[in-house]
Amino acid sequence: MSCACGFRLKLKRSNAFFVPETTIYMDYNATTPVDKRTLGAFDKICRREWGNPSSLHSSGIQIGAEIDKCRKNILDYFNLKSGNVYFCSNGSESIHAAIWGILSKGKTGIPVSTLIEHPAVKKPLRYYRFLKNKTDFLRVDKNGAIILDELDRTLKTNGNSFLIYSPVNHETGAIQPVEEIYKIAKKYDTLILLDSVQAAPRLPVDKWSKFCDMFSVSGHKIYSPKGIAALYAKENVKLKPFRLGGCQEDGIFPGTENAPGIAAFNEAINLLRSEFVEESKFLKILIEEGAKIFDNSKFDFVIESPENRAPGVLCVSFPWIKDMEKFMYELNESNICLSRFSACAGRVTGASPVLPYMGVPSSRSATSIRISCGRWSKREDFYNLAKFIEKYYENLNK
């Protein structure tokens, strides 16, 4: 078993190079291709409104006003009448700023999360616990949902908590009972941060955005260029900056704003506004058809995603695979791009960091893959993937 860097080096040395026109891309949960329609807004800022938003002259004031328009548009899309939108560079930074911004003040009490969160949530909370601070991680049921009775007991016992979780799981697509969680949390005046990086492109806004005090979203998960994300916080939520510098973004994210990225992010929000419903229907049907294609193929598999999952995500396992690194390498050689876990996990071997907590045995959690589809996915992608797996299965059984 090689390390992640060793596996990456092996891929680089192979003859399998990424060619967008011919690659079968099934890893939209890792990142989405940039929608060309967002690039016009990006280019406009680069060419015509390239001032520094903090500069106290007409060039700076003009681009500053454009950024504020983007904030208002984003608030409007998420059905929020008030609150603050802070721009930053990525989802992890947004989440870290929120966690640090609350916990460093020492007034909020005990952070509570789940055992199946993204590393951007789990690692800072585990570090917080390493520093001798109490931190609670909740169990989930076989469908990956928070156990509500346990949540109630934990928040009641703590008395003063800070709840952090994702409405849509990054690996299985499992959807949390967001409204029920919110009702329980608010019984105990619990502050709520949602890691909504996967929810924004896959869940209707009214199913999650109003059931929290803060949330994080990332541009490259909704078809805008990388390097832009946002943190929303209600007006009554005061954050302590996790780094020091200028006054940009109320001091929460000091440093010159990525104005072209903000403009592209804003345009991606506009596209979600007009296309989300149709796209969600398409992705739901596509995943159902993909599962049927697998059913009609000559290999064994287990669907690990629960029925209550976000459109476009399907986690499946193949208990007959003995060498997942070999399988993933040959998958890449066949020009098929998908992952096992989140890209931030940095590995392709071993057990899933999510499935064991859902009660999935090791023979399956160690052989799972995450299929995540999006705007330009097609049925042929599943036919090609199934064809590859069939051939791999046949070669193992010769």
# chains A, B, ... in the order shown; residues from 1 in each chain; ligands from 1
$ select_by_dssp --residues "region 57-196 of chain A" --states "alpha helix (DSSP H)" --output "PyMOL selection string"
chain A and resi 58-77+91-103+119-130+148-158+178-187
$ residues_around --residues "region 181-195 of chain A" --least-positions-apart "2" --cutoff "6 Å" --atoms "only C-alpha atoms" --output "list in words"
Ser161, Phe162, Leu163, Ile164, Tyr165, Ser166, Val178, Glu179, Val197, Phe211, Cys212, Asp213, Met214, Phe215 and Ser216 of chain A
$ write_last_selection --atoms "C-alpha atoms" --output "short mmCIF file (atom, residue, chain, number, x, y, z; two decimals), in the first residue's frame"
data_model
loop_
_atom_site.label_atom_id
_atom_site.label_comp_id
_atom_site.auth_asym_id
_atom_site.auth_seq_id
_atom_site.Cartn_x
_atom_site.Cartn_y
_atom_site.Cartn_z
CA SER A 161 -23.37 24.13 22.81
CA PHE A 162 -22.20 24.97 19.31
CA LEU A 163 -23.55 22.51 16.72
CA ILE A 164 -21.63 22.00 13.46
CA TYR A 165 -22.75 19.56 10.77
CA SER A 166 -23.42 19.12 7.05
CA VAL A 178 -32.35 19.69 9.10
CA GLU A 179 -35.60 21.23 10.36
CA VAL A 197 -20.66 23.08 0.60
CA PHE A 211 -32.30 26.47 9.87
CA CYS A 212 -28.97 27.77 11.12
CA ASP A 213 -27.07 30.79 12.39
CA MET A 214 -24.14 30.43 9.97
CA PHE A 215 -23.33 28.47 6.84
CA SER A 216 -20.45 27.99 4.41
#
$ closest_atom_pairs --of "region 182-254 of chain A" --to "region 265-276 of chain A" --cutoff "8 Å" --atoms "only C-alpha atoms" --output "CSV"
residue,atom,partner,partner_atom,distance
A:Pro201,CA,A:Leu272,CA,7.6
A:Pro204,CA,A:Phe276,CA,7.9
A:Gly219,CA,A:Phe265,CA,5.5
A:Ile222,CA,A:Ala268,CA,6.3
A:Tyr223,CA,A:Ala268,CA,6.3
A:Ser224,CA,A:Phe265,CA,5.4
A:Pro225,CA,A:Phe265,CA,7.6
A:Ile228,CA,A:Phe265,CA,7.0
A:Ala229,CA,A:Phe265,CA,7.8
$ residues_around --residues "Val121 (chain A)" --least-positions-apart "6" --cutoff "12 Å" --atoms "only C-alpha atoms" --output "MDAnalysis selection string"
chainID A and resid 91:100 111:115 127:128 137 163:166 170 193:197 216 344
$ write_last_selection --atoms "C-alpha atoms" --output "JSON list (two decimals), in the first residue's frame"
[["chain", "number", "residue", "atom", "x", "y", "z"],
["A", 91, "GLY", "CA", -15.01, 26.22, 1.95],
["A", 92, "SER", "CA", -12.48, 24.98, 4.50],
["A", 93, "GLU", "CA", -11.35, 28.54, 5.22],
["A", 94, "SER", "CA", -14.95, 29.61, 5.65],
["A", 95, "ILE", "CA", -15.66, 26.76, 8.09],
["A", 96, "HIS", "CA", -12.47, 27.34, 10.05],
["A", 97, "ALA", "CA", -13.20, 31.05, 10.38],
["A", 98, "ALA", "CA", -16.64, 30.26, 11.81],
["A", 99, "ILE", "CA", -15.40, 27.58, 14.22],
["A", 100, "TRP", "CA", -12.45, 29.65, 15.44],
["A", 111, "PRO", "CA", -18.83, 22.10, 20.24],
["A", 112, "VAL", "CA", -21.01, 19.23, 19.02],
["A", 113, "SER", "CA", -20.68, 17.54, 15.63],
["A", 114, "THR", "CA", -21.01, 14.08, 14.05],
["A", 115, "LEU", "CA", -18.60, 11.26, 13.29],
["A", 127, "TYR", "CA", -7.52, 19.54, 17.55],
["A", 128, "TYR", "CA", -9.74, 21.56, 19.89],
["A", 137, "PHE", "CA", -19.24, 13.74, 18.35],
["A", 163, "LEU", "CA", -23.55, 22.51, 16.72],
["A", 164, "ILE", "CA", -21.63, 22.00, 13.46],
["A", 165, "TYR", "CA", -22.75, 19.56, 10.77],
["A", 166, "SER", "CA", -23.42, 19.12, 7.05],
["A", 170, "HIS", "CA", -19.95, 14.52, 1.10],
["A", 193, "LEU", "CA", -23.08, 26.24, 11.77],
["A", 194, "LEU", "CA", -23.89, 24.33, 8.58],
["A", 195, "ASP", "CA", -21.16, 23.02, 6.30],
["A", 196, "SER", "CA", -23.34, 23.60, 3.24],
["A", 197, "VAL", "CA", -20.66, 23.08, 0.60],
["A", 216, "SER", "CA", -20.45, 27.99, 4.41],
["A", 344, "CYS", "CA", -9.31, 16.40, 1.34]]
$ residues_around --residues "Asp141 (chain A)" --least-positions-apart "5" --cutoff "8 Å" --atoms "only C-alpha atoms" --output "VMD selection string"
chain A and resid 146 to 147 357 to 359
$ write_last_selection --atoms "C-alpha atoms" --output "compact mmCIF listing (two decimals), in the first residue's frame"
# COMPACT_ATOMS: atom_id res chain seq x y z
CA ILE A 146 -28.15 12.17 13.27
CA ILE A 147 -29.95 10.26 16.04
CA TYR A 357 -20.29 4.74 11.46
CA MET A 358 -23.38 3.71 9.48
CA GLY A 359 -22.79 0.08 10.46
$ residues_around --residues "region 361-371 of chain A" --least-positions-apart "4" --cutoff "8 Å" --atoms "only C-alpha atoms" --output "ChimeraX atom specification"
/A:26-27,171-172,302,312-319,321-322,324,338-341,349-352,355-356
$ atom_distance --atom1 "CA of Ala291 (chain A)" --atom2 "CA of Gly374 (chain A)"
15.8 Å
$ select_by_dssp --residues "region 144-379 of chain A" --states "strand (DSSP E)" --output "number ranges by chain"
A: 161-165, 191-195, 214-218, 229-233, 302-303, 313-317, 336-337, 368-372
$ write_last_selection --atoms "N, CA and C atoms" --output "compact mmCIF listing (two decimals), in the first residue's frame"
# COMPACT_ATOMS: atom_id res chain seq x y z
N SER A 161 -24.09 24.87 23.85
CA SER A 161 -23.37 24.13 22.81
C SER A 161 -23.27 24.93 21.52
N PHE A 162 -22.41 24.43 20.65
CA PHE A 162 -22.20 24.97 19.31
C PHE A 162 -22.24 23.78 18.36
N LEU A 163 -23.32 23.66 17.58
CA LEU A 163 -23.55 22.51 16.72
C LEU A 163 -23.03 22.78 15.31
N ILE A 164 -22.20 21.87 14.81
CA ILE A 164 -21.63 22.00 13.46
C ILE A 164 -21.86 20.70 12.71
N TYR A 165 -22.53 20.77 11.56
CA TYR A 165 -22.75 19.56 10.77
C TYR A 165 -23.08 19.93 9.32
N LEU A 191 -26.17 27.45 19.12
CA LEU A 191 -25.71 28.09 17.89
C LEU A 191 -25.43 27.01 16.85
N ILE A 192 -25.83 27.26 15.58
CA ILE A 192 -25.69 26.23 14.54
C ILE A 192 -24.88 26.76 13.36
N LEU A 193 -23.85 26.00 12.99
CA LEU A 193 -23.08 26.24 11.77
C LEU A 193 -23.30 25.07 10.82
N LEU A 194 -23.73 25.36 9.59
CA LEU A 194 -23.89 24.33 8.58
C LEU A 194 -22.73 24.36 7.60
N ASP A 195 -22.09 23.20 7.41
CA ASP A 195 -21.16 23.02 6.30
C ASP A 195 -22.03 22.70 5.09
N MET A 214 -25.23 30.19 10.91
CA MET A 214 -24.14 30.43 9.97
C MET A 214 -24.10 29.27 8.97
N PHE A 215 -23.61 29.55 7.78
CA PHE A 215 -23.33 28.47 6.84
C PHE A 215 -22.21 28.86 5.89
N SER A 216 -21.56 27.82 5.35
CA SER A 216 -20.45 27.99 4.41
C SER A 216 -20.82 27.41 3.06
N VAL A 217 -20.47 28.12 1.98
CA VAL A 217 -20.67 27.63 0.62
C VAL A 217 -19.40 27.91 -0.17
N SER A 218 -19.18 27.09 -1.20
CA SER A 218 -17.95 27.19 -1.98
C SER A 218 -18.26 27.33 -3.46
N ALA A 229 -15.29 31.58 -2.00
CA ALA A 229 -16.30 30.93 -1.15
C ALA A 229 -16.92 32.02 -0.30
N ALA A 230 -17.90 31.62 0.52
CA ALA A 230 -18.57 32.61 1.35
C ALA A 230 -18.98 32.00 2.68
N LEU A 231 -19.01 32.85 3.68
CA LEU A 231 -19.53 32.50 5.00
C LEU A 231 -20.67 33.45 5.30
N TYR A 232 -21.83 32.87 5.60
CA TYR A 232 -22.99 33.68 6.03
C TYR A 232 -23.09 33.60 7.54
N ALA A 233 -23.39 34.73 8.16
CA ALA A 233 -23.64 34.76 9.61
C ALA A 233 -24.78 35.73 9.90
N VAL A 302 -23.00 -3.25 -3.86
CA VAL A 302 -23.96 -2.87 -2.81
C VAL A 302 -24.09 -1.35 -2.83
N ILE A 303 -25.31 -0.85 -2.90
CA ILE A 303 -25.54 0.59 -2.79
C ILE A 303 -25.47 0.96 -1.31
N VAL A 313 -25.75 11.82 -6.29
CA VAL A 313 -24.70 11.16 -5.50
C VAL A 313 -25.08 9.70 -5.27
N LEU A 314 -24.11 8.81 -5.51
CA LEU A 314 -24.34 7.38 -5.28
C LEU A 314 -23.03 6.76 -4.78
N CYS A 315 -23.07 6.25 -3.56
CA CYS A 315 -21.94 5.53 -2.99
C CYS A 315 -22.22 4.04 -3.11
N VAL A 316 -21.30 3.32 -3.74
CA VAL A 316 -21.46 1.87 -3.93
C VAL A 316 -20.18 1.16 -3.51
N SER A 317 -20.32 -0.10 -3.11
CA SER A 317 -19.14 -0.88 -2.72
C SER A 317 -19.10 -2.18 -3.51
N ILE A 336 -11.46 7.44 -16.55
CA ILE A 336 -12.65 7.65 -15.73
C ILE A 336 -12.22 8.31 -14.42
N CYS A 337 -12.77 9.47 -14.14
CA CYS A 337 -12.39 10.23 -12.94
C CYS A 337 -13.49 10.16 -11.90
N SER A 368 -15.47 0.84 -1.22
CA SER A 368 -16.52 1.74 -1.72
C SER A 368 -15.94 2.79 -2.65
N ILE A 369 -16.80 3.30 -3.53
CA ILE A 369 -16.47 4.45 -4.36
C ILE A 369 -17.62 5.44 -4.29
N ARG A 370 -17.30 6.70 -4.53
CA ARG A 370 -18.32 7.75 -4.54
C ARG A 370 -18.51 8.23 -5.97
N ILE A 371 -19.70 8.03 -6.49
CA ILE A 371 -20.05 8.54 -7.81
C ILE A 371 -20.85 9.83 -7.60
N SER A 372 -20.36 10.91 -8.15
CA SER A 372 -21.09 12.18 -8.00
C SER A 372 -21.20 12.85 -9.37
$ residues_around --residues "Ile252 (chain A)" --least-positions-apart "6" --cutoff "8 Å" --atoms "only C-alpha atoms" --output "list in words"
Tyr86, Ala97, Leu239, Lys240, Pro241, Phe242 and Arg243 of chain A
$ write_last_selection --atoms "C-alpha atoms" --output "mmCIF file, in the first residue's frame"
data_model
loop_
_atom_site.group_PDB
_atom_site.id
_atom_site.type_symbol
_atom_site.label_atom_id
_atom_site.label_comp_id
_atom_site.auth_asym_id
_atom_site.auth_seq_id
_atom_site.Cartn_x
_atom_site.Cartn_y
_atom_site.Cartn_z
ATOM 1 C CA TYR A 86 -18.205 37.354 4.043
ATOM 2 C CA ALA A 97 -13.205 31.054 10.377
ATOM 3 C CA LEU A 239 -16.973 36.377 15.115
ATOM 4 C CA LYS A 240 -13.425 36.844 16.359
ATOM 5 C CA PRO A 241 -11.027 37.016 13.363
ATOM 6 C CA PHE A 242 -8.783 33.964 13.082
ATOM 7 C CA ARG A 243 -6.009 36.018 11.485
#
$ atom_distance --atom1 "CA of Glu257 (chain A)" --atom2 "CA of Gly64 (chain A)"
9.4 Å
$ residues_around --residues "region 377-381 of chain A" --least-positions-apart "2" --cutoff "7 Å" --atoms "only C-alpha atoms" --output "PyMOL selection string"
chain A and resi 24+286+290+373-375+383-385
$ atom_distance --atom1 "CA of Pro177 (chain A)" --atom2 "CA of Leu148 (chain A)"
8.9 Å
